[in-house]
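*Asks:* Sharing entry_10.txt here; it has compact mmCIF, C-alpha atoms and all ligand atoms.
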# COMPACT_ATOMS: atom_id res chain seq x y z
CA MET A 1 104.38 -69.27 162.91
CA ARG A 2 107.55 -69.68 164.95
CA PRO A 3 106.34 -71.74 167.91
CA ILE A 4 107.93 -69.81 170.80
CA ARG A 5 105.57 -67.97 173.13
CA ALA A 6 105.31 -66.88 176.76
CA GLU A 7 102.03 -68.05 178.24
CA LEU A 8 100.71 -65.92 181.08
CA SER A 9 98.34 -67.37 183.66
CA ASN A 10 95.95 -64.85 185.18
CA LYS A 11 94.84 -67.50 187.70
CA ALA A 12 98.41 -67.86 188.95
CA LEU A 13 98.91 -64.10 189.20
CA LEU A 14 95.68 -63.63 191.17
CA HIS A 15 96.54 -66.62 193.35
CA ASN A 16 100.00 -65.21 194.19
CA TYR A 17 98.56 -61.78 194.97
CA ALA A 18 95.95 -63.36 197.25
CA LEU A 19 98.79 -65.20 198.98
CA THR A 20 100.57 -61.92 199.76
CA LYS A 21 97.36 -60.75 201.41
CA THR A 22 97.03 -63.88 203.54
CA LYS A 23 100.69 -63.63 204.64
CA ALA A 24 100.60 -59.90 205.42
CA VAL A 25 97.02 -59.62 206.66
CA LYS A 26 97.26 -56.20 208.20
CA SER A 27 99.29 -54.55 205.46
CA GLN A 28 98.42 -52.82 202.23
CA VAL A 29 100.16 -54.42 199.25
CA PHE A 30 102.08 -52.61 196.54
CA ALA A 31 102.19 -54.85 193.48
CA VAL A 32 105.64 -54.08 192.11
CA VAL A 33 105.36 -53.71 188.33
CA LYS A 34 108.67 -52.08 187.43
CA ALA A 35 110.56 -53.24 184.33
CA ASN A 36 107.38 -53.95 182.39
CA ALA A 37 106.04 -55.97 185.31
CA TYR A 38 109.20 -58.09 185.54
CA GLY A 39 108.88 -58.79 181.83
CA HIS A 40 105.27 -60.01 182.05
CA GLY A 41 103.73 -56.98 180.33
CA LEU A 42 102.58 -53.97 182.33
CA ASP A 43 99.15 -53.69 180.69
CA TRP A 44 98.25 -57.33 181.23
CA VAL A 45 99.45 -57.38 184.83
CA ALA A 46 97.70 -54.12 185.69
CA ARG A 47 94.47 -55.35 184.07
CA THR A 48 94.63 -58.69 185.88
CA LEU A 49 95.50 -57.06 189.20
CA ARG A 50 93.08 -54.17 188.80
CA ASP A 51 91.78 -54.58 192.37
CA VAL A 52 95.14 -54.45 194.18
CA ASP A 53 95.78 -51.94 196.94
CA ALA A 54 98.48 -50.07 195.01
CA PHE A 55 101.20 -50.32 192.37
CA ALA A 56 104.92 -49.60 192.56
CA THR A 57 107.10 -48.91 189.54
CA LEU A 58 109.87 -46.51 188.61
CA GLU A 59 109.51 -45.59 184.94
CA ILE A 60 107.46 -42.42 184.58
CA ASP A 61 105.96 -43.47 181.23
CA SER A 62 104.69 -46.68 182.88
CA ALA A 63 103.13 -44.69 185.71
CA ILE A 64 101.36 -42.32 183.31
CA ARG A 65 100.23 -45.34 181.29
CA LEU A 66 98.66 -46.85 184.42
CA ARG A 67 96.81 -43.58 185.07
CA THR A 68 95.67 -43.39 181.43
CA LYS A 69 94.29 -46.93 181.73
CA GLY A 70 92.20 -45.83 184.68
CA VAL A 71 94.31 -46.92 187.63
CA THR A 72 93.24 -44.83 190.62
CA GLN A 73 95.24 -46.56 193.34
CA PRO A 74 98.47 -45.04 194.72
CA ILE A 75 101.47 -45.43 192.43
CA LEU A 76 104.80 -45.49 194.23
CA MET A 77 107.83 -44.39 192.19
CA LEU A 78 110.70 -46.44 193.59
CA GLU A 79 113.57 -44.23 192.41
CA GLY A 80 111.70 -40.98 193.00
CA PHE A 81 112.04 -38.16 190.49
CA PHE A 82 115.17 -37.55 188.47
CA GLY A 83 114.80 -33.81 187.90
CA VAL A 84 112.67 -30.94 189.25
CA ASP A 85 110.92 -30.67 185.88
CA GLU A 86 109.18 -33.96 186.70
CA LEU A 87 107.50 -32.70 189.85
CA ALA A 88 104.59 -31.14 187.96
CA ILE A 89 103.93 -34.52 186.32
CA PHE A 90 104.07 -36.25 189.69
CA ALA A 91 101.55 -33.80 191.12
CA ARG A 92 99.23 -33.91 188.10
CA HIS A 93 99.11 -37.73 188.01
CA HIS A 94 99.17 -38.14 191.75
CA LEU A 95 102.37 -40.22 191.76
CA THR A 96 104.11 -40.91 195.05
CA PRO A 97 107.88 -40.39 194.91
CA VAL A 98 110.43 -42.14 197.04
CA VAL A 99 112.49 -39.26 198.44
CA HIS A 100 115.98 -40.47 199.14
CA ASN A 101 118.20 -37.40 199.44
CA LEU A 102 118.07 -33.87 200.83
CA GLU A 103 118.14 -32.21 197.40
CA GLN A 104 114.84 -33.90 196.59
CA ILE A 105 113.09 -32.79 199.74
CA LYS A 106 114.29 -29.22 199.13
CA ALA A 107 113.14 -29.39 195.51
CA ILE A 108 109.64 -30.40 196.60
CA ALA A 109 109.56 -27.65 199.21
CA ASP A 110 110.62 -25.03 196.64
CA ALA A 111 108.23 -26.13 193.88
CA GLU A 112 104.88 -24.60 192.89
CA LEU A 113 102.64 -27.65 192.83
CA GLU A 114 99.00 -27.98 191.84
CA ALA A 115 98.53 -30.57 194.61
CA PRO A 116 100.62 -31.77 197.55
CA LEU A 117 102.66 -34.93 197.02
CA ASP A 118 102.53 -37.96 199.25
CA VAL A 119 106.11 -39.11 199.80
CA PHE A 120 108.01 -42.18 200.93
CA LEU A 121 111.07 -41.02 202.85
CA LYS A 122 113.71 -43.63 202.27
CA PHE A 123 116.45 -44.26 204.82
CA ASN A 124 119.70 -45.98 204.07
CA THR A 125 120.02 -48.69 206.70
CA GLY A 126 122.87 -50.64 205.14
CA MET A 127 122.12 -51.37 201.49
CA ASN A 128 124.10 -48.22 200.62
CA ARG A 129 122.25 -47.62 197.39
CA LEU A 130 119.46 -45.09 197.89
CA GLY A 131 118.40 -43.43 201.12
CA LEU A 132 119.08 -40.68 203.62
CA GLN A 133 121.74 -41.41 206.20
CA GLY A 134 120.65 -41.32 209.82
CA GLY A 135 122.25 -37.96 210.60
CA LEU A 136 120.49 -36.20 207.73
CA SER A 137 116.99 -37.43 208.40
CA GLY A 138 115.87 -34.87 210.97
CA PHE A 139 115.58 -32.02 208.49
CA ALA A 140 113.88 -34.23 205.89
CA VAL A 141 111.38 -35.60 208.38
CA ASN A 142 110.52 -32.18 209.75
CA THR A 143 110.06 -30.73 206.28
CA ALA A 144 107.91 -33.69 205.28
CA ALA A 145 105.89 -33.31 208.46
CA THR A 146 105.12 -29.62 208.08
CA HIS A 147 105.47 -28.40 204.48
CA ARG A 148 102.30 -27.56 202.55
CA ASN A 149 103.64 -29.33 199.42
CA ILE A 150 103.75 -32.66 201.22
CA GLY A 151 100.77 -34.82 202.09
CA ALA A 152 100.99 -38.28 203.62
CA VAL A 153 104.43 -39.48 204.68
CA THR A 154 105.72 -43.04 204.87
CA PHE A 155 109.07 -44.08 206.30
CA MET A 156 110.75 -46.67 204.15
CA THR A 157 113.86 -48.77 203.83
CA HIS A 158 114.99 -51.66 201.66
CA PHE A 159 116.75 -54.82 202.85
CA ALA A 160 119.93 -56.13 201.26
CA THR A 161 119.89 -59.62 202.77
CA ALA A 162 116.29 -60.53 203.60
CA ASP A 163 116.80 -63.62 201.42
CA GLY A 164 120.15 -64.62 202.90
CA LYS A 165 121.99 -65.75 206.00
CA GLN A 166 122.46 -62.30 207.52
CA GLY A 167 118.73 -61.60 207.50
CA ILE A 168 117.34 -58.21 208.43
CA ALA A 169 118.19 -57.73 212.12
CA VAL A 170 120.95 -55.14 211.70
CA GLN A 171 119.04 -53.06 209.16
CA LEU A 172 115.80 -53.24 211.11
CA LYS A 173 117.57 -51.97 214.23
CA SER A 174 119.12 -49.14 212.26
CA PHE A 175 115.69 -48.21 210.83
CA GLU A 176 114.10 -48.11 214.28
CA GLU A 177 116.93 -45.91 215.58
CA ILE A 178 116.72 -43.49 212.67
CA ILE A 179 112.99 -42.93 212.94
CA LYS A 180 113.18 -42.62 216.70
CA ALA A 181 115.91 -39.97 216.46
CA ALA A 182 114.14 -38.11 213.65
CA LYS A 183 110.72 -37.90 215.28
CA PRO A 184 109.21 -34.55 214.32
CA VAL A 185 107.72 -32.43 217.07
CA PHE A 186 104.80 -30.37 215.82
CA THR A 187 102.59 -32.44 213.58
CA GLN A 188 99.29 -34.25 213.56
CA LYS A 189 100.50 -36.57 210.83
CA ARG A 190 100.68 -40.29 211.33
CA PHE A 191 103.75 -41.71 209.64
CA THR A 192 103.18 -45.08 208.05
CA GLN A 193 106.01 -47.51 207.30
CA SER A 194 107.11 -49.75 204.44
CA LEU A 195 109.98 -52.21 204.68
CA ALA A 196 109.29 -55.59 203.13
CA ASN A 197 110.10 -56.95 199.68
CA SER A 198 109.03 -60.54 198.83
CA ALA A 199 111.76 -62.18 200.92
CA ALA A 200 110.99 -60.13 204.04
CA LEU A 201 107.24 -60.56 203.51
CA LEU A 202 107.61 -64.35 203.46
CA ARG A 203 110.20 -64.66 206.19
CA TYR A 204 109.91 -61.75 208.66
CA PRO A 205 106.35 -60.88 209.73
CA GLU A 206 107.77 -58.16 212.00
CA THR A 207 108.65 -56.19 208.84
CA HIS A 208 105.14 -56.13 207.40
CA ARG A 209 104.09 -52.77 208.91
CA ASP A 210 101.62 -50.66 206.88
CA TRP A 211 102.76 -51.33 203.31
CA VAL A 212 104.56 -54.36 201.84
CA ARG A 213 106.26 -54.29 198.41
CA PRO A 214 106.28 -57.77 196.86
CA GLY A 215 107.61 -58.19 193.34
CA ILE A 216 109.03 -61.57 192.41
CA MET A 217 106.58 -63.62 194.50
CA LEU A 218 103.65 -62.17 192.55
CA TYR A 219 105.18 -63.67 189.44
CA GLY A 220 105.48 -67.05 191.15
CA SER A 221 109.19 -67.32 191.86
CA SER A 222 111.00 -67.76 195.14
CA PRO A 223 113.25 -64.98 196.44
CA PHE A 224 115.30 -67.61 198.31
CA ASP A 225 118.08 -69.77 197.01
CA GLY A 226 117.30 -72.80 199.17
CA LYS A 227 113.48 -72.71 199.16
CA SER A 228 111.33 -73.25 196.11
CA ALA A 229 108.29 -71.27 195.04
CA ASP A 230 106.31 -74.46 195.55
CA ASP A 231 107.29 -74.51 199.24
CA PHE A 232 105.34 -71.25 199.64
CA GLY A 233 102.43 -72.27 197.43
CA LEU A 234 103.39 -69.79 194.71
CA LYS A 235 102.40 -70.61 191.12
CA PRO A 236 104.42 -69.67 188.03
CA VAL A 237 102.76 -66.90 186.04
CA MET A 238 104.92 -67.12 182.92
CA THR A 239 105.59 -70.36 181.05
CA LEU A 240 108.05 -70.01 178.17
CA ARG A 241 107.12 -72.61 175.58
CA SER A 242 108.37 -73.65 172.16
CA GLU A 243 108.70 -76.78 170.04
CA ILE A 244 111.22 -79.16 168.55
CA ILE A 245 111.79 -77.94 164.97
CA ALA A 246 114.46 -80.50 163.96
CA THR A 247 116.12 -83.66 165.25
CA GLN A 248 119.62 -85.07 164.67
CA THR A 249 121.26 -88.36 165.49
CA LEU A 250 124.81 -88.26 166.74
CA ALA A 251 127.54 -90.87 166.53
CA ILE A 252 130.32 -91.10 169.10
CA GLY A 253 132.63 -88.10 168.67
CA ASP A 254 130.08 -85.86 166.92
CA THR A 255 129.87 -82.34 168.35
CA VAL A 256 126.97 -79.90 168.70
CA GLY A 257 126.65 -76.20 167.94
CA TYR A 258 128.99 -73.21 167.87
CA GLY A 259 132.38 -73.85 169.35
CA ALA A 260 131.65 -77.60 169.38
CA THR A 261 131.44 -77.49 173.18
CA TYR A 262 129.59 -80.80 173.51
CA THR A 263 130.93 -84.10 172.20
CA ALA A 264 128.74 -87.22 172.03
CA GLN A 265 130.20 -90.06 174.12
CA LYS A 266 127.62 -92.53 172.82
CA LYS A 267 125.00 -92.77 170.11
CA MET A 268 122.47 -90.01 170.82
CA ARG A 269 119.41 -88.26 169.50
CA ILE A 270 119.02 -84.52 169.99
CA GLY A 271 116.27 -82.01 169.25
CA ILE A 272 116.60 -78.42 168.08
CA VAL A 273 114.31 -75.96 169.87
CA ALA A 274 113.13 -72.65 168.41
CA CYS A 275 114.46 -70.57 171.30
CA GLY A 276 117.74 -68.70 171.63
CA TYR A 277 119.34 -65.76 173.32
CA ALA A 278 117.53 -63.34 171.01
CA ASP A 279 114.37 -64.59 172.72
CA GLY A 280 115.87 -63.99 176.15
CA TYR A 281 117.12 -67.48 176.94
CA PRO A 282 120.48 -66.98 178.71
CA ARG A 283 123.42 -67.63 176.40
CA HIS A 284 125.59 -68.57 179.36
CA ALA A 285 123.28 -71.49 180.30
CA PRO A 286 125.68 -74.44 180.36
CA GLY A 287 125.40 -77.27 177.82
CA ASN A 288 128.81 -78.88 177.90
CA ASN A 289 129.70 -82.50 178.61
CA ILE A 290 129.74 -81.93 182.36
CA GLU A 291 126.59 -79.91 182.95
CA GLY A 292 123.46 -78.92 181.09
CA THR A 293 120.47 -76.71 181.83
CA PRO A 294 117.12 -78.34 182.69
CA VAL A 295 114.38 -78.32 180.07
CA LEU A 296 111.10 -80.22 179.57
CA VAL A 297 110.29 -82.00 176.31
CA SER A 298 106.89 -83.68 175.97
CA GLY A 299 106.65 -83.41 179.75
CA ALA A 300 109.93 -85.29 180.34
CA HIS A 301 112.93 -83.72 182.07
CA THR A 302 116.08 -83.45 179.98
CA ARG A 303 118.95 -80.97 179.49
CA THR A 304 120.44 -78.60 176.97
CA ILE A 305 123.34 -79.70 174.81
CA GLY A 306 126.00 -77.32 173.41
CA ARG A 307 125.95 -73.53 173.27
CA VAL A 308 122.75 -71.54 173.13
CA SER A 309 122.72 -69.69 169.81
CA MET A 310 120.73 -66.61 168.79
CA ASP A 311 117.60 -68.43 167.64
CA MET A 312 118.05 -72.08 168.65
CA LEU A 313 119.26 -74.41 171.31
CA ALA A 314 119.72 -78.19 171.39
CA VAL A 315 118.31 -80.70 173.87
CA ASP A 316 119.00 -84.36 174.58
CA LEU A 317 116.18 -86.61 173.30
CA THR A 318 118.01 -89.92 173.70
CA ASP A 319 115.73 -91.03 176.55
CA ILE A 320 112.57 -89.43 175.15
CA PRO A 321 111.96 -91.60 172.07
CA HIS A 322 108.38 -90.34 171.63
CA ALA A 323 109.54 -86.73 171.18
CA HIS A 324 109.52 -85.94 167.48
CA LEU A 325 109.16 -82.85 165.30
CA GLY A 326 106.66 -80.50 166.90
CA ALA A 327 107.10 -81.96 170.39
CA PRO A 328 106.23 -79.37 173.04
CA VAL A 329 109.12 -77.83 174.96
CA THR A 330 108.95 -75.92 178.23
CA LEU A 331 111.95 -73.68 178.82
CA TRP A 332 110.63 -72.57 182.23
CA GLY A 333 107.33 -72.14 184.06
CA GLU A 334 104.69 -74.79 184.65
CA GLY A 335 106.41 -78.08 185.46
CA LEU A 336 109.91 -76.56 185.46
CA SER A 337 110.62 -73.76 187.88
CA ALA A 338 112.31 -70.68 186.44
CA ASP A 339 114.34 -70.66 189.65
CA GLU A 340 115.84 -74.04 188.75
CA VAL A 341 116.72 -72.91 185.23
CA ALA A 342 118.14 -69.63 186.54
CA LYS A 343 120.28 -71.43 189.08
CA ALA A 344 121.75 -73.71 186.44
CA ALA A 345 122.50 -70.64 184.32
CA GLY A 346 124.14 -68.76 187.19
CA THR A 347 121.43 -66.11 187.48
CA ILE A 348 118.07 -65.47 189.15
CA SER A 349 114.56 -65.81 187.78
CA TYR A 350 114.14 -62.01 187.94
CA GLU A 351 116.72 -61.69 185.16
CA LEU A 352 115.18 -64.46 183.05
CA PHE A 353 111.74 -62.81 183.18
CA CYS A 354 113.04 -59.30 182.46
CA GLY A 355 115.12 -60.66 179.62
CA VAL A 356 112.31 -62.12 177.49
CA THR A 357 112.52 -60.09 174.29
CA ALA A 358 109.89 -58.28 172.27
CA ARG A 359 109.82 -60.90 169.51
CA VAL A 360 108.31 -63.47 171.90
CA PRO A 361 104.51 -63.23 171.78
CA MET A 362 102.80 -63.05 175.16
CA VAL A 363 99.62 -65.11 175.30
CA GLU A 364 97.10 -65.12 178.12
CA VAL A 365 95.88 -68.54 179.28
CA GLU A 366 92.99 -69.44 181.65
C1 LIG B 1 112.05 -54.16 193.18
C2 LIG B 1 111.78 -53.70 194.55
C3 LIG B 1 110.96 -54.44 195.41
C4 LIG B 1 110.43 -55.82 195.05
O1 LIG B 1 111.44 -56.77 195.33
P1 LIG B 1 111.16 -58.35 195.17
O2 LIG B 1 112.42 -58.98 195.62
O3 LIG B 1 110.91 -58.58 193.71
O4 LIG B 1 109.99 -58.66 196.00
C5 LIG B 1 110.65 -53.90 196.63
N1 LIG B 1 111.15 -52.70 197.02
C6 LIG B 1 111.97 -51.98 196.24
C7 LIG B 1 112.49 -50.66 196.73
C8 LIG B 1 112.33 -52.45 194.99
O5 LIG B 1 113.14 -51.73 194.21
If you convert what's in this file into structure tokens, what do you get?

*Replies:*
Amino acid sequence: MRPIRAELSNKALLHNYALTKTKAVKSQVFAVVKANAYGHGLDWVARTLRDVDAFATLEIDSAIRLRTKGVTQPILMLEGFFGVDELAIFARHHLTPVVHNLEQIKAIADAELEAPLDVFLKFNTGMNRLGLQGGLSGFAVNTAATHRNIGAVTFMTHFATADGKQGIAVQLKSFEEIIKAAKPVFTQKRFTQSLANSAALLRYPETHRDWVRPGIMLYGSSPFDGKSADDFGLKPVMTLRSEIIATQTLAIGDTVGYGATYTAQKKMRIGIVACGYADGYPRHAPGNNIEGTPVLVSGAHTRTIGRVSMDMLAVDLTDIPHAHLGAPVTLWGEGLSADEVAKAAGTISYELFCGVTARVPMVEVE
């Protein structure tokens, strides 16, 4: 069998979830499982995290799948509903839509529903992607507060720079102003709040509020450029492993791979790994004479050599003489942070995880 596989650690996933609970003690946690649980497999993640407070996703088939598998916790739908025809499904499966424009709040008010919907009213506080603008929130808040089709209401926003220099101050201020201005008059309802993604959860306790929405930290990666997952005590859930399936010796001037982008400057030994871009390894990961992408072979750190092709990539074995045919290779995960690999490849670990393709078997370990 082709030796590539993605090993999934249930211990690491449970550990990272527990860590979200110790950081945000007073909050309920949405485990964000959109995009097939960041590429880790929705079924496996949902089974492993069966005791979480709640799940957040955005694909309706995933949400229904969670319900079919017996998930009874709240399921937050991060992009809401895309057409009125979906409202009946939301009501039947007790899915909680993010409501981010006036058309949606009107659609809910006009619908015949078998049960009221809980909603997350999303305000645009500066990301300028989804969300009601300040001036439009009064009507939405009052409708949400009083309409029979709407149950519990949560005020929500999403930060653009919780991981970066600008931080959250400007957006947080805007959020506080919007909800203050939009305060509904006649209602008994208590409005809960949800602001924090992983970066805000780890860095800004003042954003924790009632519900936090961690994604990437559950999977063991850092949302920050300068701080590693290790710094927070996060453990990698996915380890992408393969093996050396061939070796070559190079003389000075020999080149490697498509486009001959790497030229040996000395006598070298290289290994060919059964892993390429058709497995989800980034093709743009550098492997030229100036820079390579980190990789582990037999536990030793080395780098990629030449272009990543569809099914293979090459690694430098010159200083790892004990690595022969069948030597174990770690592309990312345990012992080699996905964040480090992503950085070398000019991307983020989120994209690496989501990009692992269907031909890579997922194997549970521990
Ligand atoms: C994806 C997503 C999250 C999780 O973000 P992470 O950076 O992975 O923690 C939280 N909130 C919303 C609205 C999202 O779309």

*Asks:* Using all atoms listed in the file, which protein or nucleic acid residues come within 9 Å of A:Ala109? Drop anything in the same chain fewer than 4 positions from it, and give the result as a PDB file with C-alpha atoms, in the frame of the given file.

*Replies:*
ATOM      1  CA  GLN A 104     114.840 -33.900 196.590  1.00  0.00           C
ATOM      2  CA  ILE A 105     113.090 -32.790 199.740  1.00  0.00           C
ATOM      3  CA  THR A 143     110.060 -30.730 206.280  1.00  0.00           C
ATOM      4  CA  ALA A 144     107.910 -33.690 205.280  1.00  0.00           C
ATOM      5  CA  HIS A 147     105.470 -28.400 204.480  1.00  0.00           C
ATOM      6  CA  ARG A 148     102.300 -27.560 202.550  1.00  0.00           C
ATOM      7  CA  ASN A 149     103.640 -29.330 199.420  1.00  0.00           C
ATOM      8  CA  ILE A 150     103.750 -32.660 201.220  1.00  0.00           C
TER       9      ILE A 150
END

*Asks:* Closest to ligand LIG 1 (chain B) among A:Met156, A:Leu102, A:Ile4, A:Val52, using all atoms listed in the file?

*Replies:*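 Checking each of A:Met156, A:Leu102, A:Ile4, A:Val52 against ligand LIG 1 (chain B), counting all atoms listed in the file, the winner is A:Met156.
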
*Asks:* So, counting all atoms listed in the file, which residue among A:Val308, A:Ile272, A:Leu58, A:Ala342 is closest to A:Pro328?

*Replies:*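 Among A:Val308, A:Ile272, A:Leu58, A:Ala342, it is A:Ile272 that comes nearest to A:Pro328.
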
*Asks:* Could the residues that lie within 6 Å of ligand LIG 1 (chain B), counting all atoms listed in the file, be listed as a ChimeraX atom specification?

*Replies:* /A:32,78,158,197-198,213-216

*Asks:* Take the residues just selected and output them with C-alpha atoms as an mmCIF file, in the coordinates of the input.

*Replies:*
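Writing the result to again.cif gives the following:
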data_model
loop_
_atom_site.group_PDB
_atom_site.id
_atom_site.type_symbol
_atom_site.label_atom_id
_atom_site.label_comp_id
_atom_site.auth_asym_id
_atom_site.auth_seq_id
_atom_site.Cartn_x
_atom_site.Cartn_y
_atom_site.Cartn_z
ATOM 1 C CA VAL A 32 105.640 -54.080 192.110
ATOM 2 C CA LEU A 78 110.700 -46.440 193.590
ATOM 3 C CA HIS A 158 114.990 -51.660 201.660
ATOM 4 C CA ASN A 197 110.100 -56.950 199.680
ATOM 5 C CA SER A 198 109.030 -60.540 198.830
ATOM 6 C CA ARG A 213 106.260 -54.290 198.410
ATOM 7 C CA PRO A 214 106.280 -57.770 196.860
ATOM 8 C CA GLY A 215 107.610 -58.190 193.340
ATOM 9 C CA ILE A 216 109.030 -61.570 192.410
#

*Asks:* Using all atoms listed in the file, find each residue of stretch 38-92 of chain A with at least one atom at most 10 Å away from an atom of stretch 28-31 of chain A; report its shortest atom-to-atom pair and that distance in Å (one decimal), sort the rows by chain and rising residue number, and return the result as a tab-separated table.

*Replies:*
residue	atom	partner	partner_atom	distance
A:Val45	CA	A:Ala31	CA	9.4
A:Ala46	CA	A:Ala31	CA	9.0
A:Leu49	CA	A:Ala31	CA	8.2
A:Val52	CA	A:Ala31	CA	7.1
A:Asp53	CA	A:Val29	CA	5.5
A:Ala54	CA	A:Phe30	CA	4.7
A:Phe55	CA	A:Ala31	CA	4.8
A:Ala56	CA	A:Phe30	CA	5.7
A:Thr57	CA	A:Ala31	CA	8.7
A:Gln73	CA	A:Phe30	CA	9.7
A:Pro74	CA	A:Phe30	CA	8.6
A:Ile75	CA	A:Phe30	CA	8.3
A:Leu76	CA	A:Phe30	CA	8.0

*Asks:* Determine the nearest neighbour of A:Lys23 from the options A:Glu366, A:Asp316, A:Glu7, A:Glu206, counting all atoms listed in the file.

*Replies:* A:Glu206

*Asks:* Which of these, A:Pro205, A:Trp332, A:Ala345, A:Ala260, has the shortest distance to A:Ile305 once you count all atoms listed in the file?

*Replies:*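 The shortest atom-to-atom distance to A:Ile305 comes from A:Ala260.
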
*Asks:* Taking all atoms listed in the file into account, which of A:Gly126, A:Gly276, A:Pro321, A:Gly164 comes nearest A:Arg241?

*Replies:*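 Among A:Gly126, A:Gly276, A:Pro321, A:Gly164, it is A:Gly276 that comes nearest to A:Arg241.
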
*Asks:* Smallest atom-to-atom distance to A:Ser228: which of A:Asp339, A:Asp210, A:Asp311, A:Asp254, using all atoms listed in the file?

*Replies:*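 Answer, going by the shortest atom-to-atom distance: A:Asp339.
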
*Asks:* Atom CA of A:Leu130 to atom CA of A:Ala160: how many Å, to one decimal?

*Replies:*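 Atom CA of A:Ala160 lies at a distance of 11.6 Å from atom CA of A:Leu130.
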
*Asks:* Atom CA of A:Glu291 to atom CA of A:Tyr262: how many Å, to one decimal?

*Replies:*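 For atom CA of A:Glu291 relative to atom CA of A:Tyr262, the distance reads 9.9 Å.
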
*Asks:* Counting all atoms listed in the file, find residues at most 12 Å from (119.1, -32.3, 191.5) (file frame) and give them as a list of chain:residue names.

*Replies:*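 Within 12 Å of (119.1, -32.3, 191.5), the protein and nucleic acid residues are A:Gly80, A:Phe81, A:Phe82, A:Gly83, A:Val84, A:Asp85, A:Glu86, A:Leu87, A:Val99, A:His100, A:Asn101, A:Leu102, A:Glu103, A:Gln104, A:Ile105, A:Lys106, A:Ala107, A:Ile108.
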
*Asks:* Enclose stretch 129-143 of chain A, meaning all of its atoms listed in the file, in a box aligned along x, y and z, pad it by 8 Å on each side, and list the centre and edge lengths in Å to one decimal, as lines of an AutoDock Vina configuration file.

*Replies:*
center_x = 116.2
center_y = -39.2
center_z = 204.2
size_x = 28.2
size_y = 32.9
size_z = 29.6
